[in-house]
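Structure data (compact mmCIF, C-alpha atoms) from run-v2.txt:
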# COMPACT_ATOMS: atom_id res chain seq x y z
CA MET A 1 -18.78 4.38 -15.32
CA SER A 2 -16.49 2.29 -17.51
CA HIS A 3 -13.79 0.20 -15.91
CA THR A 4 -10.33 -1.06 -16.71
CA THR A 5 -10.48 -4.63 -17.96
CA THR A 6 -9.02 -7.34 -15.78
CA GLU A 7 -6.65 -8.25 -18.65
CA HIS A 8 -5.31 -4.73 -18.76
CA LEU A 9 -4.87 -4.62 -14.97
CA ILE A 10 -2.79 -7.80 -14.97
CA GLN A 11 -0.81 -6.68 -18.02
CA ALA A 12 0.05 -3.44 -16.24
CA LEU A 13 1.08 -5.18 -13.03
CA ASN A 14 3.28 -7.54 -15.02
CA TRP A 15 4.71 -4.66 -17.05
CA ARG A 16 5.86 -2.79 -13.95
CA TYR A 17 9.08 -3.69 -12.17
CA ALA A 18 11.35 -1.94 -9.68
CA THR A 19 13.07 0.21 -12.28
CA LYS A 20 16.80 0.42 -11.67
CA HIS A 21 17.80 2.66 -14.54
CA PHE A 22 15.60 5.55 -15.59
CA ASP A 23 15.99 7.55 -18.79
CA ALA A 24 17.07 10.85 -17.25
CA ALA A 25 15.99 12.73 -20.39
CA LYS A 26 12.37 11.58 -20.24
CA LYS A 27 10.17 13.64 -17.97
CA ILE A 28 6.66 12.80 -16.84
CA PRO A 29 4.31 15.26 -18.61
CA ALA A 30 2.58 17.77 -16.33
CA ASP A 31 -0.92 16.31 -16.82
CA VAL A 32 0.30 12.80 -16.04
CA TRP A 33 2.11 13.97 -12.94
CA ALA A 34 -1.02 15.85 -11.85
CA ALA A 35 -2.88 12.52 -11.90
CA LEU A 36 -0.20 10.84 -9.81
CA GLU A 37 -0.21 13.71 -7.33
CA LYS A 38 -4.00 13.34 -7.11
CA THR A 39 -3.52 9.60 -6.61
CA LEU A 40 -1.39 10.29 -3.53
CA VAL A 41 -4.00 12.69 -2.16
CA LEU A 42 -6.83 10.20 -2.72
CA THR A 43 -5.11 7.38 -0.82
CA PRO A 44 -7.43 5.70 1.68
CA THR A 45 -6.24 5.67 5.30
CA SER A 46 -7.59 4.54 8.64
CA TYR A 47 -10.42 6.93 9.65
CA GLY A 48 -9.21 9.05 6.72
CA LEU A 49 -6.56 10.61 8.97
CA GLN A 50 -3.88 10.93 6.24
CA PRO A 51 -0.99 10.98 8.73
CA TYR A 52 1.66 11.78 6.15
CA LYS A 53 3.25 14.31 3.87
CA PHE A 54 4.82 13.67 0.48
CA PHE A 55 7.90 15.61 -0.57
CA VAL A 56 8.54 15.82 -4.30
CA VAL A 57 12.20 16.69 -4.67
CA GLU A 58 12.78 18.69 -7.83
CA ASN A 59 15.94 20.58 -6.88
CA PRO A 60 18.89 18.70 -8.45
CA ALA A 61 21.26 19.72 -5.64
CA LYS A 62 18.86 18.28 -3.05
CA ARG A 63 18.58 15.11 -5.09
CA THR A 64 22.37 14.79 -5.09
CA GLU A 65 22.42 15.25 -1.33
CA LEU A 66 19.79 12.53 -0.90
CA PHE A 67 21.64 10.24 -3.31
CA ALA A 68 24.57 10.18 -0.88
CA HIS A 69 22.30 8.43 1.63
CA SER A 70 20.53 6.06 -0.73
CA TRP A 71 22.77 3.03 -1.01
CA HIS A 72 24.11 4.19 -4.41
CA GLN A 73 20.72 3.90 -6.07
CA LYS A 74 20.89 6.14 -9.12
CA GLN A 75 17.13 6.33 -9.42
CA VAL A 76 17.32 9.17 -6.86
CA VAL A 77 19.02 11.44 -9.37
CA GLU A 78 17.98 9.90 -12.70
CA ALA A 79 14.20 9.57 -12.35
CA SER A 80 11.87 12.27 -13.60
CA HIS A 81 10.18 12.58 -10.21
CA PHE A 82 11.36 11.59 -6.76
CA VAL A 83 8.90 11.37 -3.88
CA VAL A 84 9.91 11.04 -0.23
CA PHE A 85 7.14 9.65 1.93
CA THR A 86 7.13 10.98 5.48
CA ALA A 87 4.83 9.90 8.30
CA ARG A 88 3.62 11.69 11.41
CA THR A 89 5.92 10.81 14.29
CA GLU A 90 3.02 10.50 16.71
CA MET A 91 -0.72 11.18 16.51
CA LYS A 92 -2.05 13.78 18.93
CA GLU A 93 -5.47 15.19 19.69
CA ALA A 94 -4.63 18.16 17.49
CA ASP A 95 -4.29 15.81 14.51
CA VAL A 96 -7.75 14.46 15.13
CA ASP A 97 -9.14 17.98 15.57
CA LYS A 98 -7.60 19.04 12.27
CA PHE A 99 -9.19 16.06 10.54
CA ILE A 100 -12.61 16.62 12.12
CA GLN A 101 -12.47 20.28 11.13
CA ARG A 102 -11.72 19.25 7.54
CA ALA A 103 -14.54 16.68 7.58
CA VAL A 104 -17.04 19.26 8.81
CA GLU A 105 -15.86 21.67 6.12
CA VAL A 106 -15.95 19.16 3.23
CA ARG A 107 -19.28 17.63 4.21
CA LYS A 108 -20.84 20.96 5.22
CA LEU A 109 -21.85 19.71 8.66
CA PRO A 110 -22.68 21.61 11.85
CA VAL A 111 -19.43 22.24 13.71
CA ASP A 112 -20.21 19.76 16.51
CA ALA A 113 -21.84 17.07 14.34
CA LEU A 114 -18.80 14.81 14.62
CA ASN A 115 -18.03 15.24 18.33
CA ARG A 116 -18.80 11.63 19.12
CA TYR A 117 -16.79 10.39 16.16
CA ARG A 118 -13.91 12.58 17.32
CA GLU A 119 -14.00 10.88 20.72
CA VAL A 120 -13.93 7.44 19.11
CA ILE A 121 -10.83 8.33 17.09
CA VAL A 122 -9.07 10.04 19.99
CA ARG A 123 -9.70 7.07 22.26
CA ASP A 124 -8.52 4.56 19.66
CA VAL A 125 -5.65 6.36 17.96
CA VAL A 126 -4.32 8.89 20.47
CA HIS A 127 -4.95 7.20 23.82
CA GLY A 128 -5.28 3.60 22.61
CA GLY A 129 -1.63 3.33 21.69
CA ARG A 130 -2.19 2.95 17.93
CA GLY A 131 -1.01 6.38 16.79
CA THR A 132 2.67 5.55 16.82
CA HIS A 133 5.15 6.18 14.04
CA GLY A 134 4.87 2.48 13.22
CA TRP A 135 1.16 2.87 12.56
CA THR A 136 1.47 6.10 10.58
CA THR A 137 4.17 4.34 8.56
CA GLN A 138 1.73 1.55 7.71
CA GLN A 139 -0.78 4.11 6.46
CA THR A 140 1.96 5.64 4.36
CA TYR A 141 2.67 2.28 2.76
CA ILE A 142 -0.94 2.22 1.53
CA ALA A 143 -0.06 5.41 -0.35
CA LEU A 144 3.06 3.73 -1.72
CA GLY A 145 1.08 0.72 -2.95
CA ASN A 146 -1.61 2.96 -4.39
CA LEU A 147 0.97 5.11 -6.21
CA MET A 148 2.92 2.19 -7.69
CA THR A 149 -0.22 0.48 -8.97
CA ALA A 150 -1.66 3.70 -10.38
CA ALA A 151 1.64 4.52 -12.10
CA ALA A 152 1.77 1.08 -13.72
CA LEU A 153 -1.76 1.46 -15.04
CA ILE A 154 -1.05 4.77 -16.72
CA GLY A 155 2.31 3.61 -18.07
CA VAL A 156 4.71 5.33 -15.70
CA ASP A 157 7.66 3.40 -14.30
CA ALA A 158 8.36 3.40 -10.60
CA SER A 159 10.96 2.17 -8.18
CA PRO A 160 10.25 2.02 -4.46
CA LEU A 161 13.30 2.73 -2.30
CA GLU A 162 13.57 1.41 1.22
CA GLY A 163 17.33 1.47 0.95
CA ILE A 164 17.70 5.00 2.20
CA VAL A 165 18.94 6.46 5.47
CA PRO A 166 15.80 8.07 6.95
CA ALA A 167 17.66 10.12 9.57
CA GLU A 168 19.85 11.72 6.88
CA TYR A 169 16.84 12.33 4.65
CA ASP A 170 15.16 14.06 7.59
CA LYS A 171 18.11 16.42 7.92
CA ILE A 172 18.21 17.23 4.22
CA LEU A 173 14.46 17.81 4.09
CA ASN A 174 14.53 19.88 7.28
CA LEU A 175 12.08 17.61 9.05
CA LYS A 176 13.51 18.04 12.53
CA ASN A 177 10.72 19.22 14.85
CA SER A 178 8.23 19.09 11.96
CA GLY A 179 6.37 16.14 13.48
CA TYR A 180 7.06 14.07 10.36
CA ALA A 181 9.85 11.62 9.62
CA THR A 182 11.00 9.88 6.45
CA VAL A 183 9.84 6.30 5.94
CA VAL A 184 10.33 5.36 2.30
CA ALA A 185 10.81 6.89 -1.15
CA CYS A 186 9.66 6.25 -4.69
CA ALA A 187 11.30 7.29 -7.95
CA LEU A 188 9.04 7.70 -10.99
CA GLY A 189 9.66 8.26 -14.66
CA TYR A 190 10.46 6.11 -17.66
CA ARG A 191 12.76 3.12 -17.86
CA SER A 192 15.98 3.43 -19.80
CA ALA A 193 16.15 1.17 -22.85
CA ASP A 194 19.25 -0.47 -21.37
CA ASP A 195 17.83 -1.40 -17.97
CA LYS A 196 18.50 -5.11 -18.01
CA TYR A 197 16.11 -5.65 -15.10
CA ALA A 198 13.12 -4.79 -17.30
CA GLY A 199 13.34 -8.09 -19.14
CA MET A 200 13.86 -10.37 -16.16
CA ALA A 201 11.16 -12.77 -15.04
CA LYS A 202 9.24 -11.54 -12.03
CA ILE A 203 9.96 -13.52 -8.88
CA ARG A 204 6.73 -14.38 -7.09
CA TYR A 205 5.75 -17.40 -5.08
CA GLU A 206 3.09 -19.68 -6.49
CA THR A 207 -0.43 -18.41 -5.86
CA ASN A 208 -1.28 -21.37 -3.63
CA GLU A 209 1.74 -20.53 -1.50
CA LEU A 210 0.49 -16.98 -0.84
CA VAL A 211 -3.29 -17.25 -1.01
CA HIS A 212 -5.24 -19.69 1.13
CA TYR A 213 -8.96 -20.38 0.96
CA ILE A 214 -10.78 -21.26 4.13
CA MET B 215 0.94 -1.66 -24.55
CA SER B 216 -2.14 0.52 -24.07
CA HIS B 217 -2.65 2.29 -20.77
CA THR B 218 -5.49 3.46 -18.58
CA THR B 219 -6.13 7.15 -19.10
CA THR B 220 -5.35 9.53 -16.27
CA GLU B 221 -9.02 10.64 -16.32
CA HIS B 222 -10.17 7.10 -15.77
CA LEU B 223 -7.66 6.53 -12.97
CA ILE B 224 -8.88 9.57 -11.05
CA GLN B 225 -12.52 8.71 -11.73
CA ALA B 226 -11.95 5.24 -10.28
CA LEU B 227 -10.16 6.56 -7.20
CA ASN B 228 -12.98 9.02 -6.61
CA TRP B 229 -15.60 6.32 -7.21
CA ARG B 230 -14.17 4.05 -4.54
CA TYR B 231 -14.91 4.58 -0.84
CA ALA B 232 -14.68 2.45 2.27
CA THR B 233 -17.86 0.51 1.59
CA LYS B 234 -19.91 0.03 4.74
CA HIS B 235 -22.83 -1.92 3.34
CA PHE B 236 -22.30 -4.55 0.68
CA ASP B 237 -25.02 -6.20 -1.37
CA ALA B 238 -24.76 -9.70 0.08
CA ALA B 239 -26.46 -11.17 -2.99
CA LYS B 240 -23.88 -9.85 -5.49
CA LYS B 241 -20.84 -12.07 -5.85
CA ILE B 242 -17.61 -11.14 -7.60
CA PRO B 243 -17.49 -13.27 -10.79
CA ALA B 244 -14.76 -15.92 -10.86
CA ASP B 245 -12.72 -14.23 -13.63
CA VAL B 246 -12.76 -10.89 -11.80
CA TRP B 247 -11.75 -12.51 -8.54
CA ALA B 248 -8.95 -14.33 -10.37
CA ALA B 249 -7.56 -10.92 -11.40
CA LEU B 250 -7.70 -9.62 -7.84
CA GLU B 251 -6.01 -12.76 -6.55
CA LYS B 252 -3.29 -12.23 -9.17
CA THR B 253 -3.05 -8.60 -8.06
CA LEU B 254 -2.22 -9.74 -4.53
CA VAL B 255 0.41 -12.14 -5.83
CA LEU B 256 2.02 -9.46 -8.03
CA THR B 257 2.42 -6.97 -5.16
CA PRO B 258 5.91 -5.47 -5.04
CA THR B 259 7.82 -5.91 -1.78
CA SER B 260 11.25 -5.09 -0.45
CA TYR B 261 13.78 -7.43 -2.16
CA GLY B 262 10.69 -9.27 -3.43
CA LEU B 263 10.51 -11.19 -0.15
CA GLN B 264 6.68 -11.35 0.01
CA PRO B 265 6.60 -11.82 3.80
CA TYR B 266 2.88 -12.46 3.98
CA LYS B 267 -0.02 -14.80 3.35
CA PHE B 268 -3.54 -13.87 2.35
CA PHE B 269 -6.48 -15.82 3.73
CA VAL B 270 -9.69 -15.64 1.73
CA VAL B 271 -12.45 -16.65 4.10
CA GLU B 272 -15.30 -18.33 2.22
CA ASN B 273 -16.79 -20.47 4.98
CA PRO B 274 -19.83 -18.58 6.37
CA ALA B 275 -19.35 -20.03 9.85
CA LYS B 276 -15.77 -18.76 9.93
CA ARG B 277 -16.96 -15.35 8.74
CA THR B 278 -19.45 -15.25 11.59
CA GLU B 279 -16.71 -16.13 14.05
CA LEU B 280 -14.50 -13.34 12.70
CA PHE B 281 -17.41 -10.89 12.75
CA ALA B 282 -17.57 -11.25 16.53
CA HIS B 283 -14.10 -9.68 16.70
CA SER B 284 -14.54 -6.97 14.09
CA TRP B 285 -16.11 -4.05 15.91
CA HIS B 286 -19.58 -4.89 14.54
CA GLN B 287 -18.52 -4.24 10.95
CA LYS B 288 -21.04 -6.15 8.84
CA GLN B 289 -18.76 -6.11 5.81
CA VAL B 290 -17.12 -9.20 7.31
CA VAL B 291 -20.24 -11.27 6.66
CA GLU B 292 -21.94 -9.31 3.86
CA ALA B 293 -19.15 -8.83 1.33
CA SER B 294 -18.65 -11.24 -1.53
CA HIS B 295 -15.01 -11.85 -0.59
CA PHE B 296 -13.19 -11.31 2.67
CA VAL B 297 -9.41 -11.30 2.79
CA VAL B 298 -7.34 -11.43 5.97
CA PHE B 299 -3.81 -10.14 5.50
CA THR B 300 -1.24 -11.86 7.67
CA ALA B 301 2.44 -10.99 7.95
CA ARG B 302 5.47 -13.05 8.89
CA THR B 303 6.13 -12.63 12.61
CA GLU B 304 9.88 -12.45 12.08
CA MET B 305 12.20 -12.91 9.09
CA LYS B 306 14.74 -15.70 9.41
CA GLU B 307 17.54 -17.02 7.21
CA ALA B 308 15.18 -19.76 6.06
CA ASP B 309 12.85 -17.10 4.61
CA VAL B 310 15.70 -15.66 2.60
CA ASP B 311 16.76 -19.13 1.46
CA LYS B 312 13.24 -19.88 0.31
CA PHE B 313 13.16 -16.66 -1.70
CA ILE B 314 16.59 -17.22 -3.25
CA GLN B 315 15.58 -20.75 -4.22
CA ARG B 316 12.46 -19.36 -5.90
CA ALA B 317 14.50 -16.67 -7.68
CA VAL B 318 16.96 -19.24 -9.01
CA GLU B 319 14.06 -21.39 -10.20
CA VAL B 320 12.09 -18.58 -11.89
CA ARG B 321 15.10 -17.00 -13.55
CA LYS B 322 16.73 -20.33 -14.41
CA LEU B 323 20.03 -19.43 -12.75
CA PRO B 324 22.85 -21.65 -11.50
CA VAL B 325 22.05 -22.66 -7.93
CA ASP B 326 24.76 -20.47 -6.37
CA ALA B 327 24.38 -17.46 -8.70
CA LEU B 328 22.68 -15.40 -6.01
CA ASN B 329 24.89 -16.28 -3.04
CA ARG B 330 26.19 -12.75 -2.68
CA TYR B 331 22.69 -11.28 -3.00
CA ARG B 332 21.52 -13.74 -0.34
CA GLU B 333 24.20 -12.43 2.03
CA VAL B 334 23.13 -8.83 1.42
CA ILE B 335 19.52 -9.64 2.28
CA VAL B 336 20.41 -11.75 5.32
CA ARG B 337 22.68 -9.01 6.68
CA ASP B 338 20.08 -6.30 6.14
CA VAL B 339 16.81 -8.03 6.92
CA VAL B 340 17.66 -10.89 9.29
CA HIS B 341 20.66 -9.55 11.21
CA GLY B 342 20.14 -5.83 10.59
CA GLY B 343 17.04 -5.66 12.71
CA ARG B 344 14.65 -4.83 9.87
CA GLY B 345 12.85 -8.13 9.59
CA THR B 346 10.45 -7.53 12.46
CA HIS B 347 6.70 -7.96 12.39
CA GLY B 348 6.46 -4.18 12.06
CA TRP B 349 8.42 -4.31 8.82
CA THR B 350 6.57 -7.31 7.38
CA THR B 351 3.35 -5.48 8.25
CA GLN B 352 4.50 -2.48 6.20
CA GLN B 353 5.11 -4.76 3.22
CA THR B 354 1.64 -6.18 3.71
CA TYR B 355 0.15 -2.71 3.55
CA ILE B 356 1.65 -2.32 0.06
CA ALA B 357 -0.50 -5.32 -0.88
CA LEU B 358 -3.52 -3.67 0.73
CA GLY B 359 -2.95 -0.44 -1.23
CA ASN B 360 -2.35 -2.37 -4.42
CA LEU B 361 -5.53 -4.42 -3.95
CA MET B 362 -7.78 -1.46 -3.15
CA THR B 363 -6.55 0.54 -6.14
CA ALA B 364 -6.79 -2.42 -8.50
CA ALA B 365 -10.31 -3.20 -7.28
CA ALA B 366 -11.44 0.39 -7.85
CA LEU B 367 -10.08 0.34 -11.39
CA ILE B 368 -11.97 -2.80 -12.35
CA GLY B 369 -15.17 -1.66 -10.60
CA VAL B 370 -15.09 -3.75 -7.45
CA ASP B 371 -15.91 -2.14 -4.12
CA ALA B 372 -13.64 -2.60 -1.16
CA SER B 373 -13.49 -1.79 2.51
CA PRO B 374 -10.26 -2.02 4.45
CA LEU B 375 -10.71 -3.13 8.06
CA GLU B 376 -8.21 -2.21 10.73
CA GLY B 377 -10.93 -2.43 13.36
CA ILE B 378 -10.43 -6.10 14.05
CA VAL B 379 -8.89 -7.98 16.96
CA PRO B 380 -5.79 -9.59 15.42
CA ALA B 381 -5.19 -12.02 18.29
CA GLU B 382 -8.73 -13.41 17.97
CA TYR B 383 -8.39 -13.61 14.20
CA ASP B 384 -5.17 -15.57 14.70
CA LYS B 385 -7.02 -18.10 16.84
CA ILE B 386 -9.90 -18.50 14.37
CA LEU B 387 -7.51 -18.86 11.44
CA ASN B 388 -5.28 -21.29 13.36
CA LEU B 389 -2.22 -19.11 12.95
CA LYS B 390 -0.60 -20.01 16.26
CA ASN B 391 2.92 -21.29 15.59
CA SER B 392 2.46 -20.71 11.85
CA GLY B 393 4.97 -17.84 11.79
CA TYR B 394 2.29 -15.48 10.50
CA ALA B 395 0.01 -13.10 12.37
CA THR B 396 -3.05 -11.08 11.33
CA VAL B 397 -2.47 -7.41 10.53
CA VAL B 398 -5.46 -6.10 8.59
CA ALA B 399 -8.41 -7.26 6.49
CA CYS B 400 -10.25 -6.17 3.37
CA ALA B 401 -13.82 -6.90 2.33
CA LEU B 402 -14.60 -6.86 -1.40
CA GLY B 403 -17.77 -7.04 -3.42
CA TYR B 404 -20.42 -4.61 -4.56
CA ARG B 405 -21.96 -1.74 -2.65
CA SER B 406 -25.56 -2.00 -1.57
CA ALA B 407 -27.84 0.58 -3.21
CA ASP B 408 -28.72 1.89 0.25
CA ASP B 409 -25.19 2.50 1.55
CA LYS B 410 -25.49 6.16 2.45
CA TYR B 411 -21.70 6.49 2.65
CA ALA B 412 -21.39 6.03 -1.12
CA GLY B 413 -22.73 9.51 -1.80
CA MET B 414 -20.75 11.41 0.81
CA ALA B 415 -17.98 13.81 -0.18
CA LYS B 416 -14.52 12.34 0.24
CA ILE B 417 -12.56 13.92 3.08
CA ARG B 418 -9.04 14.73 1.95
CA TYR B 419 -6.73 17.55 2.88
CA GLU B 420 -5.88 20.11 0.23
CA THR B 421 -3.14 18.96 -2.11
CA ASN B 422 -0.76 21.68 -0.93
CA GLU B 423 -1.21 20.46 2.62
CA LEU B 424 -0.10 16.92 1.72
CA VAL B 425 2.32 17.41 -1.17
CA HIS B 426 5.33 19.67 -0.92
CA TYR B 427 7.73 20.56 -3.71
CA ILE B 428 11.36 21.16 -2.89
Could the structure of this file be written out as structure tokens, please?
Amino acid sequence: MSHTTTEHLIQALNWRYATKHFDAAKKIPADVWAALEKTLVLTPTSYGLQPYKFFVVENPAKRTELFAHSWHQKQVVEASHFVVFTARTEMKEADVDKFIQRAVEVRKLPVDALNRYREVIVRDVVHGGRGTHGWTTQQTYIALGNLMTAAALIGVDASPLEGIVPAEYDKILNLKNSGYATVVACALGYRSADDKYAGMAKIRYETNELVHYI
Amino acid sequence: MSHTTTEHLIQALNWRYATKHFDAAKKIPADVWAALEKTLVLTPTSYGLQPYKFFVVENPAKRTELFAHSWHQKQVVEASHFVVFTARTEMKEADVDKFIQRAVEVRKLPVDALNRYREVIVRDVVHGGRGTHGWTTQQTYIALGNLMTAAALIGVDASPLEGIVPAEYDKILNLKNSGYATVVACALGYRSADDKYAGMAKIRYETNELVHYI
């Protein structure tokens, strides 16, 4: 298999920035969006549990409602695509059962082949105190990182949005009693030619400040 | 700028898997590692605060020490590179000051140009209750997602490791009183030809189970 060159990877990561002003007229083509949707689905998670759901808000009225709880960030209404990341509020045995059932199905295994593995996950995640909303949120942030990097590589602009009111998003998305709650959002599309942030130098600490060799 | 094709992106994401058995003899070349190091540094974070440090453990004795607290996962000692992700234990005004100082320096701004922005961040992150270790951990998971996706695209194998004992890692890495604490790790290198996990079907839920359109 061929690979992306390291030069291209770094170019793409330097090209991306938290887009503030999207060109509302430029939509992500269907085949490109299909790849980004697939990117979300392929996100790696702990044990592969995928404790999240992604809501792609297409309805303009819903977008306007969400905008009211998004710290005036216009990306919510201007971007081609707007994804709300929600995470499982708590992991239960049923979540593990669902996953094990899927694993057995995908890998064509005997129905009880993963019983011991199921017990390991249940003990660790359900009864071991890990399967909190905090932990499912962390898994969801892997998806966010994966999506932003993938978007940059294929030339799609993105803006992550933590500045949202999750409780209001939950109401608008009808998440009450769904077992999922909003954690973060990401707007995707194409930068407007007049977004002054595009040309600003990226603020990162020096490498030797962030990366230590032992 | 040229971009990665969507086909290549999806191929790379399907090619990757949580590598269980690395070829201990195959090292990541220096130029490739330099790109992955740069990838970590370029990770996007909330406000750009970068509330983390990455420890690349090269010393074999240290790797062996860490292995003892890693649920018997041999990747810790077999992989070419082993990165421990640590997150700020708590965000303080000094963290915001450090960031603002860096921003002023990188963007060549007057020293007080970002005073108002500083106040916004301090109010939200330091006094608004967001700047906890839980939140810095989330930011760190963006880096993890970014790194795993970038590695896949340039043909480097990776294995994220949550199955570690953070408190023991903290001791081995001398993090006590450093203001940073271990959250997760990632082994990188090249899969061994006999890693049976490489050929297994990837377990993901159906797209319509994970992605909803509104």
Counting all atoms listed in the file, give me one row per residue of chain A with an atom at most 6 Å from an atom of chain B, showing the shortest contact pair and its distance in Å to one decimal, sorted by chain then residue number, as JSON lines.
{"residue": "A:His3", "atom": "CA", "partner": "B:Ile368", "partner_atom": "CA", "distance": 5.0}
{"residue": "A:Thr4", "atom": "CA", "partner": "B:Ile368", "partner_atom": "CA", "distance": 5.0}
{"residue": "A:Thr6", "atom": "CA", "partner": "B:Ala249", "partner_atom": "CA", "distance": 5.8}
{"residue": "A:Ala35", "atom": "CA", "partner": "B:Thr220", "partner_atom": "CA", "distance": 5.8}
{"residue": "A:Lys53", "atom": "CA", "partner": "B:Leu424", "partner_atom": "CA", "distance": 4.8}
{"residue": "A:Phe54", "atom": "CA", "partner": "B:Val425", "partner_atom": "CA", "distance": 4.8}
{"residue": "A:Phe55", "atom": "CA", "partner": "B:His426", "partner_atom": "CA", "distance": 4.8}
{"residue": "A:Val56", "atom": "CA", "partner": "B:Tyr427", "partner_atom": "CA", "distance": 4.8}
{"residue": "A:Val57", "atom": "CA", "partner": "B:Ile428", "partner_atom": "CA", "distance": 4.9}
{"residue": "A:Glu58", "atom": "CA", "partner": "B:Ile428", "partner_atom": "CA", "distance": 5.7}
{"residue": "A:Ala103", "atom": "CA", "partner": "B:Ile417", "partner_atom": "CA", "distance": 5.6}
{"residue": "A:Arg107", "atom": "CA", "partner": "B:Ala415", "partner_atom": "CA", "distance": 6.0}
{"residue": "A:Gln138", "atom": "CA", "partner": "B:Gln352", "partner_atom": "CA", "distance": 5.1}
{"residue": "A:Tyr141", "atom": "CA", "partner": "B:Ile356", "partner_atom": "CA", "distance": 5.4}
{"residue": "A:Ile142", "atom": "CA", "partner": "B:Gly359", "partner_atom": "CA", "distance": 4.3}
{"residue": "A:Gly145", "atom": "CA", "partner": "B:Ile356", "partner_atom": "CA", "distance": 4.3}
{"residue": "A:Asn146", "atom": "CA", "partner": "B:Gly359", "partner_atom": "CA", "distance": 4.8}
{"residue": "A:Thr149", "atom": "CA", "partner": "B:Asn360", "partner_atom": "CA", "distance": 5.8}
{"residue": "A:Leu153", "atom": "CA", "partner": "B:Thr218", "partner_atom": "CA", "distance": 5.5}
{"residue": "A:Ile154", "atom": "CA", "partner": "B:Thr218", "partner_atom": "CA", "distance": 5.0}
{"residue": "A:Gly155", "atom": "CA", "partner": "B:His217", "partner_atom": "CA", "distance": 5.8}
{"residue": "A:Ala201", "atom": "CA", "partner": "B:Arg321", "partner_atom": "CA", "distance": 6.0}
{"residue": "A:Ile203", "atom": "CA", "partner": "B:Ala317", "partner_atom": "CA", "distance": 5.7}
{"residue": "A:Leu210", "atom": "CA", "partner": "B:Lys267", "partner_atom": "CA", "distance": 4.8}
{"residue": "A:Val211", "atom": "CA", "partner": "B:Phe268", "partner_atom": "CA", "distance": 4.8}
{"residue": "A:His212", "atom": "CA", "partner": "B:Phe269", "partner_atom": "CA", "distance": 4.8}
{"residue": "A:Tyr213", "atom": "CA", "partner": "B:Val270", "partner_atom": "CA", "distance": 4.9}
{"residue": "A:Ile214", "atom": "CA", "partner": "B:Val271", "partner_atom": "CA", "distance": 4.9}
**Report entry** Non-local contacts of B:Gly393 (9 Å; all atoms listed in the file; under 3 positions in same chain excluded) as a ChimeraX atom specification
**Finding:** /B:301-304,389-390
Requested in this report: Write out as a PyMOL selection string which residues come within 12 Å of B:Ala407 when counting only C-alpha atoms, dropping same-chain ones fewer than 6 positions away.
Outcome: chain B and resi 233-240+413
If you take every atom of stretch 134-145 of chain A that the file lists and fit an axis-aligned box around them with 4 Å extra on each side, what centre and edge lengths come out in Å to one decimal, as AutoDock Vina command-line options?
--center_x 2.0 --center_y 3.4 --center_z 5.1 --size_x 13.8 --size_y 13.4 --size_z 24.2
Report task. Could you check how far atom CA of A:Ala167 sits from atom CA of A:Thr182, in Å to one decimal? Result -> 7.4 Å
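Distance-wise, atom CA of B:Phe296 and atom CA of B:Cys400 end up 6.0 Å apart.
We find atom CA of B:Asp326 and atom CA of B:Val339 to be spaced 19.9 Å apart.
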